Amino acid sequence: MEDQFAHTAVAECDCDEARAVLAGVGSLTGMGFAAVARVTEDRSIACQVLDNIAFGLTAGGELDISMTICDEIRQHGEEVVFNDAIDADWRLHPGPIFYGFKSYASFFIRLTDGKFYRTLCAIDAAHRKVSSREVVSIMRQLADRVAIMVEAHKGVAGSQREIGDQAFSNLRSRASGGVAYFDGGD
């Protein structure tokens with residue numbers, strides 16, 4: 001039996017632009033795993049994944065929601081970013097303990113109606129410096145870009161697609177000045 005919810009979640013992020021955003025997250029943060037996840041009250045589905053650390057989660061895969069920090073992001077609507085779980089309030093959370101990651105960055109993705117929809121997240125087993133103002137600002141912009149992509153896929157965004165293209169182009173210009181280069185793909 002096919003899981004239609006998971007299938008739809010993956011289809012909405014199955015594009016070169018989403019893969020380019022994840023490559024940009026990896027380049028920006030130095031983290032080996034990045035994903036867009038569809039997070040609900042009881043599910044966390046990977047929609048698009050970049051896995052350079054053999055974490056093992058693929059698009060359409062699901063994590064136990066109680067083991068994810070993304071669930072707290074869904075509940076509270078605030079991003080969570082830490083360089084090393086041992087130094088953060090998250091050291092006792094089941095996610096870093098069970099999955100063995102130290103550094104973490106996750107940002108909520110809201111649609112234009114304000115509804116929480118997904119998260120853009122990155123993890124790594126090594127300590128990474130991801131909590132700087134610059135990294136957090138760019139990650140917020142990338143999360144907004146994913147929201148625009150999802151809405152465009154759903155046919156809701158209309159002219160916001162053009163606005164998003166300009167914002168993404170501006171982000172590429174700023175990021176190429178030493179932080180990271182986000183190539184939108186061909």
# chains A, B, ... in the order shown; residues from 1 in each chain; ligands from 1

$ select_by_dssp --residues "segment 15-165 of chain A" --states "strand (DSSP E or B)" --output "PDB file with N, CA and C atoms, in the first residue's frame"
ATOM      1  N   PHE A  33      24.770  16.319   6.544  1.00  0.00           N
ATOM      2  CA  PHE A  33      23.397  15.899   6.264  1.00  0.00           C
ATOM      3  C   PHE A  33      22.502  17.124   6.297  1.00  0.00           C
ATOM      4  N   ALA A  34      21.691  17.275   5.265  1.00  0.00           N
ATOM      5  CA  ALA A  34      20.696  18.345   5.216  1.00  0.00           C
ATOM      6  C   ALA A  34      19.426  17.768   4.614  1.00  0.00           C
ATOM      7  N   ALA A  35      18.287  18.281   5.063  1.00  0.00           N
ATOM      8  CA  ALA A  35      17.016  17.760   4.571  1.00  0.00           C
ATOM      9  C   ALA A  35      15.920  18.801   4.696  1.00  0.00           C
ATOM     10  N   VAL A  36      14.928  18.614   3.867  1.00  0.00           N
ATOM     11  CA  VAL A  36      13.648  19.279   4.046  1.00  0.00           C
ATOM     12  C   VAL A  36      12.724  18.177   4.551  1.00  0.00           C
ATOM     13  N   ALA A  37      12.036  18.449   5.648  1.00  0.00           N
ATOM     14  CA  ALA A  37      11.150  17.439   6.240  1.00  0.00           C
ATOM     15  C   ALA A  37       9.744  17.987   6.382  1.00  0.00           C
ATOM     16  N   ARG A  38       8.762  17.173   6.059  1.00  0.00           N
ATOM     17  CA  ARG A  38       7.350  17.505   6.290  1.00  0.00           C
ATOM     18  C   ARG A  38       7.039  17.008   7.688  1.00  0.00           C
ATOM     19  N   VAL A  39       6.718  17.931   8.579  1.00  0.00           N
ATOM     20  CA  VAL A  39       6.528  17.593   9.984  1.00  0.00           C
ATOM     21  C   VAL A  39       5.094  17.907  10.393  1.00  0.00           C
ATOM     22  N   SER A  44       7.228  12.701  10.722  1.00  0.00           N
ATOM     23  CA  SER A  44       8.351  13.469  10.183  1.00  0.00           C
ATOM     24  C   SER A  44       8.866  12.721   8.956  1.00  0.00           C
ATOM     25  N   ILE A  45       8.513  13.237   7.779  1.00  0.00           N
ATOM     26  CA  ILE A  45       8.844  12.602   6.499  1.00  0.00           C
ATOM     27  C   ILE A  45       9.949  13.402   5.811  1.00  0.00           C
ATOM     28  N   ALA A  46      11.016  12.753   5.410  1.00  0.00           N
ATOM     29  CA  ALA A  46      12.071  13.413   4.640  1.00  0.00           C
ATOM     30  C   ALA A  46      11.562  13.629   3.225  1.00  0.00           C
ATOM     31  N   CYS A  47      11.566  14.879   2.784  1.00  0.00           N
ATOM     32  CA  CYS A  47      11.067  15.211   1.448  1.00  0.00           C
ATOM     33  C   CYS A  47      12.183  15.251   0.420  1.00  0.00           C
ATOM     34  N   GLN A  48      13.312  15.795   0.814  1.00  0.00           N
ATOM     35  CA  GLN A  48      14.501  15.869  -0.034  1.00  0.00           C
ATOM     36  C   GLN A  48      15.691  15.792   0.917  1.00  0.00           C
ATOM     37  N   VAL A  49      16.729  15.065   0.524  1.00  0.00           N
ATOM     38  CA  VAL A  49      17.843  14.778   1.433  1.00  0.00           C
ATOM     39  C   VAL A  49      19.174  14.926   0.717  1.00  0.00           C
ATOM     40  N   LEU A  50      20.143  15.479   1.445  1.00  0.00           N
ATOM     41  CA  LEU A  50      21.549  15.452   1.046  1.00  0.00           C
ATOM     42  C   LEU A  50      22.269  14.732   2.183  1.00  0.00           C
ATOM     43  N   ASP A  51      22.815  13.558   1.906  1.00  0.00           N
ATOM     44  CA  ASP A  51      23.426  12.752   2.965  1.00  0.00           C
ATOM     45  C   ASP A  51      24.857  12.383   2.583  1.00  0.00           C
ATOM     46  N   GLU A  62      11.045   8.043   7.005  1.00  0.00           N
ATOM     47  CA  GLU A  62      10.359   8.647   8.152  1.00  0.00           C
ATOM     48  C   GLU A  62      11.133   8.388   9.436  1.00  0.00           C
ATOM     49  N   LEU A  63      11.201   9.418  10.268  1.00  0.00           N
ATOM     50  CA  LEU A  63      11.785   9.291  11.599  1.00  0.00           C
ATOM     51  C   LEU A  63      10.667   9.324  12.633  1.00  0.00           C
ATOM     52  N   VAL A  80      15.924  26.095  15.877  1.00  0.00           N
ATOM     53  CA  VAL A  80      16.854  25.577  16.878  1.00  0.00           C
ATOM     54  C   VAL A  80      18.200  25.424  16.193  1.00  0.00           C
ATOM     55  N   VAL A  81      19.234  26.036  16.779  1.00  0.00           N
ATOM     56  CA  VAL A  81      20.572  25.991  16.205  1.00  0.00           C
ATOM     57  C   VAL A  81      21.564  25.815  17.345  1.00  0.00           C
ATOM     58  N   PHE A  82      22.432  24.809  17.221  1.00  0.00           N
ATOM     59  CA  PHE A  82      23.521  24.699  18.189  1.00  0.00           C
ATOM     60  C   PHE A  82      24.756  24.101  17.535  1.00  0.00           C
ATOM     61  N   SER A 103      26.169  18.795  16.101  1.00  0.00           N
ATOM     62  CA  SER A 103      25.719  20.104  15.625  1.00  0.00           C
ATOM     63  C   SER A 103      24.387  19.957  14.908  1.00  0.00           C
ATOM     64  N   TYR A 104      23.600  21.037  14.992  1.00  0.00           N
ATOM     65  CA  TYR A 104      22.225  20.971  14.511  1.00  0.00           C
ATOM     66  C   TYR A 104      21.752  22.363  14.137  1.00  0.00           C
ATOM     67  N   ALA A 105      21.018  22.437  13.048  1.00  0.00           N
ATOM     68  CA  ALA A 105      20.361  23.682  12.645  1.00  0.00           C
ATOM     69  C   ALA A 105      19.051  23.305  11.973  1.00  0.00           C
ATOM     70  N   SER A 106      17.957  23.847  12.467  1.00  0.00           N
ATOM     71  CA  SER A 106      16.668  23.558  11.861  1.00  0.00           C
ATOM     72  C   SER A 106      15.793  24.799  11.903  1.00  0.00           C
ATOM     73  N   PHE A 107      15.161  25.071  10.772  1.00  0.00           N
ATOM     74  CA  PHE A 107      14.364  26.278  10.591  1.00  0.00           C
ATOM     75  C   PHE A 107      12.978  25.906  10.091  1.00  0.00           C
ATOM     76  N   PHE A 108      11.970  26.546  10.662  1.00  0.00           N
ATOM     77  CA  PHE A 108      10.607  26.260  10.243  1.00  0.00           C
ATOM     78  C   PHE A 108      10.354  26.864   8.869  1.00  0.00           C
ATOM     79  N   ILE A 109       9.507  26.205   8.135  1.00  0.00           N
ATOM     80  CA  ILE A 109       9.096  26.672   6.813  1.00  0.00           C
ATOM     81  C   ILE A 109       7.603  26.956   6.909  1.00  0.00           C
ATOM     82  N   ARG A 110       7.254  28.211   6.706  1.00  0.00           N
ATOM     83  CA  ARG A 110       5.849  28.631   6.757  1.00  0.00           C
ATOM     84  C   ARG A 110       5.388  28.992   5.356  1.00  0.00           C
ATOM     85  N   PHE A 116       2.536  26.540   9.568  1.00  0.00           N
ATOM     86  CA  PHE A 116       3.773  25.767   9.620  1.00  0.00           C
ATOM     87  C   PHE A 116       3.628  24.592   8.673  1.00  0.00           C
ATOM     88  N   TYR A 117       4.664  24.343   7.867  1.00  0.00           N
ATOM     89  CA  TYR A 117       4.543  23.280   6.877  1.00  0.00           C
ATOM     90  C   TYR A 117       5.671  22.263   6.929  1.00  0.00           C
ATOM     91  N   ARG A 118       6.910  22.747   7.052  1.00  0.00           N
ATOM     92  CA  ARG A 118       8.074  21.870   6.983  1.00  0.00           C
ATOM     93  C   ARG A 118       9.197  22.443   7.811  1.00  0.00           C
ATOM     94  N   THR A 119      10.310  21.701   7.812  1.00  0.00           N
ATOM     95  CA  THR A 119      11.546  22.241   8.374  1.00  0.00           C
ATOM     96  C   THR A 119      12.673  22.042   7.374  1.00  0.00           C
ATOM     97  N   LEU A 120      13.620  22.951   7.428  1.00  0.00           N
ATOM     98  CA  LEU A 120      14.878  22.826   6.708  1.00  0.00           C
ATOM     99  C   LEU A 120      15.916  22.581   7.794  1.00  0.00           C
ATOM    100  N   CYS A 121      16.566  21.427   7.745  1.00  0.00           N
ATOM    101  CA  CYS A 121      17.470  21.101   8.847  1.00  0.00           C
ATOM    102  C   CYS A 121      18.794  20.534   8.345  1.00  0.00           C
ATOM    103  N   ALA A 122      19.783  20.588   9.231  1.00  0.00           N
ATOM    104  CA  ALA A 122      21.103  20.032   8.943  1.00  0.00           C
ATOM    105  C   ALA A 122      21.670  19.479  10.242  1.00  0.00           C
ATOM    106  N   ILE A 123      22.379  18.361  10.129  1.00  0.00           N
ATOM    107  CA  ILE A 123      23.028  17.747  11.296  1.00  0.00           C
ATOM    108  C   ILE A 123      24.424  17.286  10.910  1.00  0.00           C
ATOM    109  N   ASP A 124      25.244  17.108  11.943  1.00  0.00           N
ATOM    110  CA  ASP A 124      26.556  16.524  11.724  1.00  0.00           C
ATOM    111  C   ASP A 124      27.044  15.922  13.034  1.00  0.00           C
TER     112      ASP A 124
END

$ atom_distance --atom1 "atom CA of His76 of chain A" --atom2 "atom CA of Trp90 of chain A"
14.9 Å

$ closest_residue --among "A:Glu134, A:Glu41, A:Asp89, A:Asp144" --to "Ile73 of chain A" --atoms "only C-alpha atoms"
A:Glu41

$ atom_distance --atom1 "atom CA of Gly114 of chain A" --atom2 "atom CA of Gly77 of chain A"
10.6 Å
